[in-house]
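Colleague: For reference, the file model_8.json (JSON, C-alpha atoms) is included below:
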```json
[["chain", "number", "residue", "atom", "x", "y", "z"],
["A", 299, "MET", "CA", 103.13, 103.79, 77.55],
["A", 300, "ILE", "CA", 101.49, 106.13, 75.06],
["A", 301, "HIS", "CA", 98.98, 104.70, 72.60],
["A", 302, "PRO", "CA", 99.98, 105.37, 68.98],
["A", 303, "SER", "CA", 96.72, 107.20, 68.29],
["A", 304, "ALA", "CA", 97.12, 109.63, 71.20],
["A", 305, "VAL", "CA", 98.04, 113.23, 70.35],
["A", 306, "VAL", "CA", 100.72, 114.40, 72.78],
["A", 307, "ASP", "CA", 102.47, 117.75, 72.42],
["A", 308, "ARG", "CA", 106.24, 117.28, 72.51],
["A", 309, "ARG", "CA", 106.48, 119.95, 75.22],
["A", 310, "ALA", "CA", 104.27, 118.02, 77.66],
["A", 311, "GLU", "CA", 106.03, 116.40, 80.61],
["A", 312, "ILE", "CA", 104.84, 112.82, 81.10],
["A", 313, "ASP", "CA", 106.42, 110.44, 83.57],
["A", 314, "SER", "CA", 107.72, 107.25, 81.98],
["A", 315, "SER", "CA", 105.38, 105.14, 84.16],
["A", 316, "ALA", "CA", 102.23, 107.03, 83.12],
["A", 317, "GLU", "CA", 99.79, 105.59, 80.58],
["A", 318, "ILE", "CA", 98.03, 107.57, 77.85],
["A", 319, "GLY", "CA", 95.05, 105.88, 76.15],
["A", 320, "ALA", "CA", 93.87, 105.76, 72.58],
["A", 321, "GLY", "CA", 92.82, 109.09, 71.09],
["A", 322, "ALA", "CA", 93.72, 111.11, 74.19],
["A", 323, "VAL", "CA", 94.93, 114.68, 73.65],
["A", 324, "ILE", "CA", 97.67, 116.11, 75.89],
["A", 325, "GLY", "CA", 98.59, 119.79, 75.50],
["A", 326, "ALA", "CA", 101.89, 121.61, 75.63],
["A", 327, "ASN", "CA", 101.95, 122.80, 79.23],
["A", 328, "VAL", "CA", 100.66, 119.62, 80.87],
["A", 329, "SER", "CA", 102.67, 117.70, 83.46],
["A", 330, "ILE", "CA", 101.58, 114.15, 84.36],
["A", 331, "GLY", "CA", 103.11, 112.31, 87.32],
["A", 332, "PRO", "CA", 104.12, 108.70, 87.87],
["A", 333, "GLY", "CA", 101.55, 105.93, 87.65],
["A", 334, "THR", "CA", 98.78, 108.17, 86.35],
["A", 335, "ILE", "CA", 96.48, 106.60, 83.76],
["A", 336, "VAL", "CA", 94.70, 108.75, 81.18],
["A", 337, "GLY", "CA", 91.81, 106.97, 79.46],
["A", 338, "PRO", "CA", 90.79, 106.99, 75.80],
["A", 339, "TYR", "CA", 89.76, 110.33, 74.28],
["A", 340, "ALA", "CA", 90.35, 112.32, 77.45],
["A", 341, "VAL", "CA", 91.58, 115.87, 76.79],
["A", 342, "ILE", "CA", 94.09, 117.56, 79.11],
["A", 343, "GLN", "CA", 95.23, 121.07, 78.26],
["A", 344, "GLY", "CA", 96.45, 124.40, 79.61],
["A", 345, "GLN", "CA", 98.92, 124.79, 82.44],
["A", 346, "THR", "CA", 97.81, 121.64, 84.21],
["A", 347, "THR", "CA", 99.85, 119.67, 86.73],
["A", 348, "ILE", "CA", 98.66, 116.18, 87.65],
["A", 349, "GLY", "CA", 100.33, 114.20, 90.44],
["A", 350, "ALA", "CA", 100.89, 110.50, 90.98],
["A", 351, "ARG", "CA", 98.62, 107.48, 90.58],
["A", 352, "ASN", "CA", 95.59, 109.34, 89.30],
["A", 353, "ARG", "CA", 93.03, 107.61, 87.10],
["A", 354, "ILE", "CA", 91.40, 109.85, 84.50],
["A", 355, "PHE", "CA", 88.66, 108.02, 82.65],
["A", 356, "GLN", "CA", 87.59, 108.31, 79.03],
["A", 357, "PHE", "CA", 86.13, 111.54, 77.67],
["A", 358, "ALA", "CA", 87.08, 113.68, 80.66],
["A", 359, "SER", "CA", 87.99, 117.32, 79.89],
["A", 360, "ILE", "CA", 90.73, 118.61, 82.17],
["A", 361, "GLY", "CA", 92.30, 122.08, 82.25],
["A", 362, "ALA", "CA", 90.17, 123.86, 79.65],
["A", 363, "ASP", "CA", 89.68, 127.64, 79.63],
["A", 364, "PRO", "CA", 87.26, 128.83, 82.32],
["A", 365, "GLN", "CA", 83.68, 129.66, 81.39],
["A", 366, "ASP", "CA", 84.07, 133.21, 82.67],
["A", 367, "LEU", "CA", 83.47, 136.19, 80.40],
["A", 368, "LYS", "CA", 86.14, 138.12, 82.32],
["A", 369, "TYR", "CA", 88.80, 135.61, 81.32],
["A", 370, "ARG", "CA", 91.24, 137.15, 78.83],
["A", 371, "GLY", "CA", 93.68, 134.32, 78.25],
["A", 372, "GLU", "CA", 95.80, 134.86, 81.36],
["A", 373, "PRO", "CA", 98.13, 131.90, 82.11],
["A", 374, "SER", "CA", 96.07, 130.40, 84.90],
["A", 375, "ARG", "CA", 96.63, 126.92, 86.29],
["A", 376, "LEU", "CA", 95.00, 123.69, 87.36],
["A", 377, "GLU", "CA", 96.70, 121.61, 90.05],
["A", 378, "ILE", "CA", 95.60, 118.04, 90.75],
["A", 379, "GLY", "CA", 97.14, 116.01, 93.57],
["A", 380, "ASP", "CA", 97.65, 112.27, 93.98],
["A", 381, "ASP", "CA", 95.45, 109.16, 93.93],
["A", 382, "ASN", "CA", 92.36, 110.84, 92.49],
["A", 383, "ARG", "CA", 89.70, 109.24, 90.30],
["A", 384, "ILE", "CA", 88.15, 111.46, 87.65],
["A", 385, "ARG", "CA", 85.31, 109.68, 85.88],
["A", 386, "GLU", "CA", 83.73, 109.94, 82.46],
["A", 387, "PHE", "CA", 82.69, 113.36, 81.09],
["A", 388, "THR", "CA", 83.96, 115.26, 84.11],
["A", 389, "THR", "CA", 85.06, 118.83, 83.35],
["A", 390, "ILE", "CA", 87.60, 120.78, 85.42],
["A", 391, "HIS", "CA", 88.55, 124.33, 84.41],
["A", 392, "ARG", "CA", 91.61, 126.40, 85.19],
["A", 393, "GLY", "CA", 91.56, 129.51, 87.40],
["A", 394, "THR", "CA", 91.16, 133.18, 86.56],
["A", 395, "GLU", "CA", 92.92, 136.39, 87.52],
["A", 396, "GLY", "CA", 89.95, 137.34, 89.67],
["A", 397, "GLY", "CA", 90.18, 134.16, 91.72],
["A", 398, "GLY", "CA", 93.87, 133.68, 92.36],
["A", 399, "MET", "CA", 94.72, 132.07, 89.00],
["A", 400, "VAL", "CA", 94.45, 128.46, 90.14],
["A", 401, "THR", "CA", 91.93, 125.65, 90.54],
["A", 402, "ARG", "CA", 93.03, 122.90, 92.94],
["A", 403, "ILE", "CA", 91.97, 119.28, 93.44],
["A", 404, "GLY", "CA", 93.47, 117.61, 96.51],
["A", 405, "ASN", "CA", 94.33, 113.97, 97.08],
["A", 406, "ARG", "CA", 92.18, 110.82, 97.00],
["A", 407, "VAL", "CA", 89.21, 112.70, 95.56],
["A", 408, "LEU", "CA", 86.50, 110.89, 93.58],
["A", 409, "LEU", "CA", 84.74, 112.95, 90.91],
["A", 410, "MET", "CA", 81.97, 110.85, 89.39],
["A", 411, "ASN", "CA", 80.43, 111.04, 85.91],
["A", 412, "TYR", "CA", 79.47, 114.48, 84.56],
["A", 413, "VAL", "CA", 80.80, 116.45, 87.54],
["A", 414, "HIS", "CA", 81.76, 120.04, 86.71],
["A", 415, "VAL", "CA", 84.40, 121.89, 88.73],
["A", 416, "ALA", "CA", 84.51, 125.52, 87.62],
["A", 417, "HIS", "CA", 87.36, 128.04, 87.74],
["A", 418, "ASP", "CA", 89.14, 128.94, 90.98],
["A", 419, "CYS", "CA", 87.55, 126.13, 93.00],
["A", 420, "VAL", "CA", 89.33, 124.15, 95.70],
["A", 421, "ILE", "CA", 88.32, 120.54, 96.41],
["A", 422, "GLY", "CA", 89.79, 119.13, 99.63],
["A", 423, "ASP", "CA", 91.31, 115.72, 100.25],
["A", 424, "ASP", "CA", 89.15, 112.58, 100.40],
["A", 425, "SER", "CA", 86.03, 114.27, 99.04],
["A", 426, "ILE", "CA", 83.43, 112.34, 97.03],
["A", 427, "ILE", "CA", 81.51, 114.35, 94.46],
["A", 428, "ALA", "CA", 78.71, 112.28, 92.94],
["A", 429, "ASN", "CA", 77.24, 112.20, 89.45],
["A", 430, "SER", "CA", 76.20, 115.47, 87.77],
["A", 431, "THR", "CA", 77.13, 117.72, 90.69],
["A", 432, "GLU", "CA", 77.79, 121.20, 89.31],
["A", 433, "ILE", "CA", 80.23, 123.38, 91.28],
["A", 434, "ALA", "CA", 80.30, 127.03, 90.22],
["A", 435, "GLY", "CA", 83.36, 129.27, 90.33],
["A", 436, "HIS", "CA", 85.28, 130.28, 93.45],
["A", 437, "CYS", "CA", 83.83, 127.53, 95.65],
["A", 438, "VAL", "CA", 85.77, 125.80, 98.42],
["A", 439, "LEU", "CA", 84.94, 122.27, 99.51],
["A", 440, "GLU", "CA", 87.01, 121.27, 102.51],
["A", 441, "GLU", "CA", 88.25, 117.74, 103.22],
["A", 442, "TRP", "CA", 85.95, 114.71, 103.38],
["A", 443, "VAL", "CA", 82.98, 116.51, 101.80],
["A", 444, "VAL", "CA", 80.36, 114.27, 100.18],
["A", 445, "THR", "CA", 77.79, 115.45, 97.67],
["A", 446, "ALA", "CA", 75.12, 113.08, 96.38],
["A", 447, "GLY", "CA", 73.97, 113.16, 92.76],
["A", 448, "MET", "CA", 72.76, 116.23, 90.87],
["A", 449, "CYS", "CA", 73.67, 118.86, 93.43],
["A", 450, "GLY", "CA", 74.20, 122.49, 92.47],
["A", 451, "ILE", "CA", 76.73, 124.64, 94.37],
["A", 452, "HIS", "CA", 76.40, 128.41, 93.99],
["A", 453, "GLN", "CA", 79.53, 130.43, 93.22],
["A", 454, "PHE", "CA", 81.64, 131.60, 96.18],
["A", 455, "SER", "CA", 80.01, 129.03, 98.48],
["A", 456, "ARG", "CA", 81.99, 127.00, 101.01],
["A", 457, "ILE", "CA", 81.22, 123.51, 102.24],
["A", 458, "GLY", "CA", 82.88, 122.63, 105.52],
["A", 459, "ALA", "CA", 84.84, 119.50, 106.32],
["A", 460, "HIS", "CA", 82.94, 116.21, 106.77],
["A", 461, "ALA", "CA", 79.67, 117.73, 105.56],
["A", 462, "ILE", "CA", 77.27, 115.80, 103.34],
["A", 463, "VAL", "CA", 74.89, 117.34, 100.80],
["A", 464, "ALA", "CA", 71.83, 115.25, 99.90],
["A", 465, "ALA", "CA", 70.89, 114.38, 96.33],
["A", 466, "GLY", "CA", 69.42, 117.18, 94.23],
["A", 467, "SER", "CA", 70.26, 119.89, 96.75],
["A", 468, "LYS", "CA", 70.89, 123.49, 95.72],
["A", 469, "VAL", "CA", 73.50, 125.11, 97.95],
["A", 470, "ALA", "CA", 73.30, 128.92, 97.99],
["A", 471, "GLN", "CA", 75.01, 129.63, 101.33],
["A", 472, "ASP", "CA", 77.91, 128.13, 103.25],
["A", 473, "VAL", "CA", 77.45, 124.62, 104.67],
["A", 474, "PRO", "CA", 78.89, 124.21, 108.19],
["A", 475, "PRO", "CA", 81.46, 121.47, 108.78],
["A", 476, "TYR", "CA", 80.17, 118.15, 110.16],
["A", 477, "SER", "CA", 76.63, 118.91, 108.98],
["A", 478, "MET", "CA", 74.06, 117.30, 106.72],
["A", 479, "VAL", "CA", 71.96, 119.50, 104.42],
["A", 480, "ALA", "CA", 69.16, 118.81, 101.93],
["A", 481, "GLY", "CA", 66.72, 120.71, 99.74],
["A", 482, "GLY", "CA", 65.96, 120.99, 96.05],
["A", 483, "ASP", "CA", 65.05, 124.68, 96.17],
["A", 484, "ARG", "CA", 67.52, 125.87, 98.79],
["A", 485, "ALA", "CA", 69.46, 123.43, 100.94],
["A", 486, "ARG", "CA", 68.55, 123.57, 104.61],
["A", 487, "LEU", "CA", 70.19, 122.08, 107.66],
["A", 488, "VAL", "CA", 69.12, 118.54, 108.56],
["A", 489, "GLY", "CA", 71.52, 117.95, 111.43],
["A", 490, "VAL", "CA", 74.94, 116.53, 112.22],
["A", 491, "ASN", "CA", 76.47, 114.05, 109.77],
["A", 492, "THR", "CA", 76.49, 111.41, 112.49],
["A", 493, "ILE", "CA", 76.94, 108.32, 110.33],
["A", 494, "GLY", "CA", 79.77, 109.85, 108.34],
["A", 495, "LEU", "CA", 81.58, 110.93, 111.49],
["A", 496, "GLU", "CA", 81.17, 107.50, 113.07],
["A", 497, "ARG", "CA", 82.57, 105.82, 109.97],
["A", 498, "ARG", "CA", 85.62, 108.07, 110.09],
["A", 499, "GLY", "CA", 86.37, 107.23, 113.70],
["A", 500, "PHE", "CA", 85.17, 110.33, 115.52],
["A", 501, "LYS", "CA", 84.78, 109.66, 119.24],
["A", 502, "PRO", "CA", 81.25, 109.49, 120.70],
["A", 503, "GLU", "CA", 81.96, 112.42, 123.01],
["A", 504, "THR", "CA", 83.03, 114.56, 120.05],
["A", 505, "ILE", "CA", 79.85, 113.75, 118.14],
["A", 506, "ALA", "CA", 77.78, 114.47, 121.26],
["A", 507, "ALA", "CA", 79.48, 117.86, 121.65],
["A", 508, "LEU", "CA", 78.79, 118.70, 118.00],
["A", 509, "LYS", "CA", 75.12, 117.78, 118.38],
["A", 510, "ALA", "CA", 74.83, 119.99, 121.45],
["A", 511, "ALA", "CA", 76.50, 122.84, 119.57],
["A", 512, "PHE", "CA", 74.14, 122.46, 116.60],
["A", 513, "ARG", "CA", 71.10, 122.49, 118.90],
["A", 514, "LYS", "CA", 72.25, 125.68, 120.52],
["A", 515, "LEU", "CA", 73.24, 127.38, 117.26],
["A", 516, "PHE", "CA", 70.25, 126.42, 115.13],
["A", 517, "TYR", "CA", 67.42, 125.28, 117.39],
["A", 518, "SER", "CA", 67.58, 127.58, 120.42],
["A", 519, "LYS", "CA", 66.30, 131.15, 120.62],
["A", 520, "LEU", "CA", 69.75, 132.52, 121.42],
["A", 521, "LEU", "CA", 71.37, 135.08, 119.16],
["A", 522, "ARG", "CA", 74.33, 133.68, 117.25],
["A", 523, "ASP", "CA", 77.01, 135.43, 119.31],
["A", 524, "GLU", "CA", 75.34, 134.35, 122.56],
["A", 525, "ALA", "CA", 75.13, 130.77, 121.35],
["A", 526, "ILE", "CA", 78.78, 130.78, 120.33],
["A", 527, "ARG", "CA", 79.88, 132.08, 123.73],
["A", 528, "GLU", "CA", 77.95, 129.34, 125.49],
["A", 529, "ILE", "CA", 79.25, 126.65, 123.14],
["A", 530, "ILE", "CA", 82.86, 127.71, 123.68],
["A", 531, "ALA", "CA", 82.33, 127.79, 127.44],
["A", 532, "GLN", "CA", 80.82, 124.30, 127.47],
["A", 533, "HIS", "CA", 82.69, 122.47, 124.70],
["A", 534, "GLY", "CA", 85.65, 124.64, 123.78],
["A", 535, "GLU", "CA", 88.15, 121.88, 124.53],
["A", 536, "PHE", "CA", 87.14, 120.09, 121.30],
["A", 537, "SER", "CA", 89.06, 121.21, 118.22],
["A", 538, "GLU", "CA", 86.03, 120.29, 116.11],
["A", 539, "ILE", "CA", 83.87, 122.74, 118.05],
["A", 540, "ARG", "CA", 86.39, 125.52, 117.56],
["A", 541, "ARG", "CA", 86.53, 124.75, 113.85],
["A", 542, "LEU", "CA", 82.74, 124.84, 113.60],
["A", 543, "VAL", "CA", 82.54, 128.16, 115.42],
["A", 544, "ASP", "CA", 85.34, 129.71, 113.36],
["A", 545, "PHE", "CA", 83.68, 128.61, 110.13],
["A", 546, "ILE", "CA", 80.34, 130.16, 111.08],
["A", 547, "SER", "CA", 81.88, 133.35, 112.47],
["A", 548, "ASN", "CA", 83.90, 133.93, 109.30],
["A", 549, "SER", "CA", 81.23, 133.11, 106.72],
["A", 550, "PRO", "CA", 80.75, 136.09, 104.35],
["A", 551, "ARG", "CA", 77.69, 134.49, 102.73],
["A", 552, "GLY", "CA", 76.10, 133.26, 105.94],
["A", 553, "VAL", "CA", 75.43, 129.58, 106.63],
["A", 554, "VAL", "CA", 72.42, 127.50, 105.70],
["A", 555, "GLY", "CA", 69.68, 127.48, 108.29],
["A", 556, "ARG", "CA", 67.13, 124.91, 109.32],
["A", 557, "ASP", "CA", 63.58, 124.73, 108.09],
["A", 558, "ARG", "CA", 61.26, 126.69, 110.34],
["A", 559, "ASP", "CA", 58.39, 124.81, 111.99]]
```
Reformat the file's structure so that it appears as C-alpha cells.

Modeller:
Amino acid sequence: MIHPSAVVDRRAEIDSSAEIGAGAVIGANVSIGPGTIVGPYAVIQGQTTIGARNRIFQFASIGADPQDLKYRGEPSRLEIGDDNRIREFTTIHRGTEGGGMVTRIGNRVLLMNYVHVAHDCVIGDDSIIANSTEIAGHCVLEEWVVTAGMCGIHQFSRIGAHAIVAAGSKVAQDVPPYSMVAGGDRARLVGVNTIGLERRGFKPETIAALKAAFRKLFYSKLLRDEAIREIIAQHGEFSEIRRLVDFISNSPRGVVGRDRD
C-alpha cells in the first residue's frame, strides 16, 4: 500500500503489509517491516532498519546523516524495533564511527512532536520522550525512561531505567535508575520515582528499599563507598538495589546530586 505520490527507491525493502503515505520519501537502503505505517511527507533514508507495527507520523525525518563534523560519510546505521510511535517533526540520526556506527530505538517507544535523537544514541524499551526533548549524541536512555517536555540531555549522558525527568530539565550528568530529577539550569535529584514504580507493579518492599538507599546515598554524610557498602549489607537481596549501585559505581560522568540546603 504505497501512495502514488510517494517516492520510493526501488532498492528499498518494504513489507507488503506496510503503508507508505502521500509524498513520503524512502531511500535505497531502508528496510520497513510488516504493519508499519509511514505518514505523509515523512523522509526515511540511509541504512535504516524499521521493525514491525511502527507508526511514523507526517513530516518525521528518520535516518539522516548525523550532525557531527567528524562524520565523513561512513555507512552507519539506524535500527528501530517494533511497536514504536514516532510523532510529527521528530528527527533521528544514524550513528558515527566514533560511537559504534549505530543509533538504536527499542520497542514500544513513544517519541512525541519535535523530539531529536542524535547520533549513536540508544533509547530503551517502553520509554516515553515528550515534546521538544533534545537528546545529544552518544546518550543512553535505559528502559521505561520518561522525559517531560522541552528537556535537554547532554552528550554522553545516561538515564537509568524507570527514571523520570521533569519538564524543562537540563541533564548534564547521569541520572540514576528509579529516580526523579528536575531543574532548568542543571537537573538535580528530587527523589525516587515512586508513582511510576507503583504504576509498573513494583512491590512496596522494593520501593521502600530504594528510598532507604537513596537517603543513604544522597542525604547522609557517608562517603559514597561507605554508603554503598551499607546499602548492600542491608538491601543487597533486591536486584533493583544492585542495579542502582552498579549504575552509580560505573558512572564516568558522575550522577546528579540533590540540591544542598

Colleague: When you count only C-alpha atoms, which of these residues is closest to A:Ser467: A:Arg406, A:Cys449, A:Glu317, A:Arg370?

Modeller: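 Answer, going by the shortest atom-to-atom distance: A:Cys449.
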
Colleague: For A:Ser430, work out the shell of residues within 6 Å, counting only C-alpha atoms and skipping chain neighbours fewer than 4 positions away, then give it as a list in words.

Modeller: Tyr412, Val413, Gly447 and Met448 of chain A

Colleague: Can you spit out the residues from that selection as a compact mmCIF listing (two decimals), keeping the file's coordinate frame, using C-alpha atoms?

Modeller:
```
# COMPACT_ATOMS: atom_id res chain seq x y z
CA TYR A 412 79.47 114.48 84.56
CA VAL A 413 80.80 116.45 87.54
CA GLY A 447 73.97 113.16 92.76
CA MET A 448 72.76 116.23 90.87
```

Colleague: Would you mind listing what lies within 12 Å of A:Pro502 as a VMD selection string, with all atoms listed in the file counted and same-chain residues fewer than 6 positions away left out?

Modeller: chain A and resid 492 to 493 495 to 496 508 to 509

Colleague: Between atom CA of A:Ile403 and atom CA of A:Arg375, what is the distance, to one decimal in Å?

Modeller: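 Going from atom CA of A:Ile403 over to atom CA of A:Arg375, I get 11.5 Å.
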
Colleague: Using only C-alpha atoms, find the one residue out of A:Ser314, A:Ala510, A:Gly552, A:Met299 that sits nearest to A:Gln532.

Modeller: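 Using only C-alpha atoms, A:Gln532 sits closest to A:Ala510.
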
Colleague: Write out as number ranges by chain the residues lying within 10 Å of A:Arg402, counting all atoms listed in the file and excluding same-chain residues fewer than 4 positions away.

Modeller: A: 347, 375-379, 390-393, 415, 417-422, 438

Colleague: What is the distance between atom CA of A:Leu515 and atom CA of A:His436, in Å to one decimal?

Modeller: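 Distance between the two atoms: 26.8 Å.
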
Colleague: Between A:Met410, A:Ile539, A:Ala470, A:Ala340, which is the closest to A:Arg385 once you count all atoms listed in the file?

Modeller: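 Of A:Met410, A:Ile539, A:Ala470, A:Ala340, the one nearest A:Arg385 is A:Met410, counting all atoms listed in the file.
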
Colleague: Give me the residues within 10 Å of A:Gly371 as an mmCIF file with C-alpha atoms, keeping the file's coordinate frame, counting all atoms listed in the file and dropping any in the same chain fewer than 4 places off.

Modeller:
```
data_model
loop_
_atom_site.group_PDB
_atom_site.id
_atom_site.type_symbol
_atom_site.label_atom_id
_atom_site.label_comp_id
_atom_site.auth_asym_id
_atom_site.auth_seq_id
_atom_site.Cartn_x
_atom_site.Cartn_y
_atom_site.Cartn_z
ATOM 1 C CA ASP A 363 89.680 127.640 79.630
ATOM 2 C CA PRO A 364 87.260 128.830 82.320
ATOM 3 C CA THR A 394 91.160 133.180 86.560
ATOM 4 C CA GLU A 395 92.920 136.390 87.520
#
```

Colleague: Name all residues at most 9 Å from A:Ile312 (count only C-alpha atoms; drop same-chain ones fewer than 2 positions away) and give them as an mmCIF file with C-alpha atoms, in the frame of the given file.

Modeller:
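Saved the output as result33.cif:
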```
data_model
loop_
_atom_site.group_PDB
_atom_site.id
_atom_site.type_symbol
_atom_site.label_atom_id
_atom_site.label_comp_id
_atom_site.auth_asym_id
_atom_site.auth_seq_id
_atom_site.Cartn_x
_atom_site.Cartn_y
_atom_site.Cartn_z
ATOM 1 C CA ALA A 310 104.270 118.020 77.660
ATOM 2 C CA SER A 314 107.720 107.250 81.980
ATOM 3 C CA SER A 315 105.380 105.140 84.160
ATOM 4 C CA ALA A 316 102.230 107.030 83.120
ATOM 5 C CA GLU A 317 99.790 105.590 80.580
ATOM 6 C CA VAL A 328 100.660 119.620 80.870
ATOM 7 C CA SER A 329 102.670 117.700 83.460
ATOM 8 C CA ILE A 330 101.580 114.150 84.360
ATOM 9 C CA GLY A 331 103.110 112.310 87.320
ATOM 10 C CA PRO A 332 104.120 108.700 87.870
#
```

Colleague: Which residue is closest to A:Ala531? Choose from A:Ile505, A:Ala358, A:Ala459, A:Ala511 and count all atoms listed in the file.

Modeller: A:Ala511

Colleague: What gap, in Å, lies between atom CA of A:Arg498 and atom CA of A:Ser477?

Modeller: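 Between atom CA of A:Arg498 and atom CA of A:Ser477 the gap works out to 14.1 Å.
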
Colleague: So which one's closest to A:Arg486, A:Val543, A:Ile335, A:Val553, A:Ala326? Using all atoms listed in the file, please.

Modeller: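 The closest residue to A:Arg486 is A:Val553.
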
Colleague: Restricting the calculation to only C-alpha atoms: of A:Ser374, A:Asn405, A:Ser359, A:Thr388, which residue gets closest to A:Gln345?

Modeller: A:Ser374

Colleague: Please output stretch 518-539 of chain A, rebuilt to include N, CA and C atoms, as an mmCIF file, in the frame of the given file.

Modeller:
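Full text of selection-v2.cif as output:
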```cif
data_model
loop_
_atom_site.group_PDB
_atom_site.id
_atom_site.type_symbol
_atom_site.label_atom_id
_atom_site.label_comp_id
_atom_site.auth_asym_id
_atom_site.auth_seq_id
_atom_site.Cartn_x
_atom_site.Cartn_y
_atom_site.Cartn_z
ATOM 1 N N SER A 518 67.934 126.801 119.236
ATOM 2 C CA SER A 518 67.580 127.580 120.420
ATOM 3 C C SER A 518 67.140 128.981 119.976
ATOM 4 N N LYS A 519 66.707 129.784 120.910
ATOM 5 C CA LYS A 519 66.300 131.150 120.620
ATOM 6 C C LYS A 519 67.417 132.153 120.897
ATOM 7 N N LEU A 520 68.621 131.638 121.151
ATOM 8 C CA LEU A 520 69.750 132.520 121.420
ATOM 9 C C LEU A 520 70.206 133.210 120.137
ATOM 10 N N LEU A 521 70.688 134.447 120.263
ATOM 11 C CA LEU A 521 71.370 135.080 119.160
ATOM 12 C C LEU A 521 72.670 134.331 118.871
ATOM 13 N N ARG A 522 73.160 134.485 117.643
ATOM 14 C CA ARG A 522 74.330 133.680 117.250
ATOM 15 C C ARG A 522 75.512 133.903 118.183
ATOM 16 N N ASP A 523 75.836 135.153 118.468
ATOM 17 C CA ASP A 523 77.010 135.430 119.310
ATOM 18 C C ASP A 523 76.823 134.870 120.713
ATOM 19 N N GLU A 524 75.595 134.934 121.234
ATOM 20 C CA GLU A 524 75.340 134.350 122.560
ATOM 21 C C GLU A 524 75.512 132.837 122.523
ATOM 22 N N ALA A 525 74.989 132.218 121.473
ATOM 23 C CA ALA A 525 75.130 130.770 121.350
ATOM 24 C C ALA A 525 76.587 130.360 121.250
ATOM 25 N N ILE A 526 77.357 131.115 120.482
ATOM 26 C CA ILE A 526 78.780 130.780 120.330
ATOM 27 C C ILE A 526 79.507 130.900 121.653
ATOM 28 N N ARG A 527 79.221 131.928 122.425
ATOM 29 C CA ARG A 527 79.880 132.080 123.730
ATOM 30 C C ARG A 527 79.567 130.892 124.635
ATOM 31 N N GLU A 528 78.320 130.471 124.646
ATOM 32 C CA GLU A 528 77.950 129.340 125.490
ATOM 33 C C GLU A 528 78.589 128.040 124.994
ATOM 34 N N ILE A 529 78.646 127.868 123.706
ATOM 35 C CA ILE A 529 79.250 126.650 123.140
ATOM 36 C C ILE A 529 80.734 126.583 123.492
ATOM 37 N N ILE A 530 81.436 127.692 123.347
ATOM 38 C CA ILE A 530 82.860 127.710 123.680
ATOM 39 C C ILE A 530 83.064 127.435 125.169
ATOM 40 N N ALA A 531 82.205 128.014 126.002
ATOM 41 C CA ALA A 531 82.330 127.790 127.440
ATOM 42 C C ALA A 531 82.102 126.330 127.813
ATOM 43 N N GLN A 532 81.184 125.666 127.114
ATOM 44 C CA GLN A 532 80.820 124.300 127.470
ATOM 45 C C GLN A 532 81.647 123.233 126.756
ATOM 46 N N HIS A 533 82.046 123.518 125.498
ATOM 47 C CA HIS A 533 82.690 122.470 124.700
ATOM 48 C C HIS A 533 83.950 122.963 123.994
ATOM 49 N N GLY A 534 84.523 124.040 124.466
ATOM 50 C CA GLY A 534 85.650 124.640 123.780
ATOM 51 C C GLY A 534 86.908 123.796 123.740
ATOM 52 N N GLU A 535 86.957 122.731 124.539
ATOM 53 C CA GLU A 535 88.150 121.880 124.530
ATOM 54 C C GLU A 535 88.235 121.010 123.275
ATOM 55 N N PHE A 536 87.143 120.903 122.521
ATOM 56 C CA PHE A 536 87.140 120.090 121.300
ATOM 57 C C PHE A 536 87.585 120.944 120.114
ATOM 58 N N SER A 537 88.599 120.473 119.399
ATOM 59 C CA SER A 537 89.060 121.210 118.220
ATOM 60 C C SER A 537 87.975 121.303 117.157
ATOM 61 N N GLU A 538 87.116 120.283 117.078
ATOM 62 C CA GLU A 538 86.030 120.290 116.110
ATOM 63 C C GLU A 538 85.023 121.406 116.397
ATOM 64 N N ILE A 539 84.773 121.657 117.666
ATOM 65 C CA ILE A 539 83.870 122.740 118.050
ATOM 66 C C ILE A 539 84.470 124.086 117.659
#
```
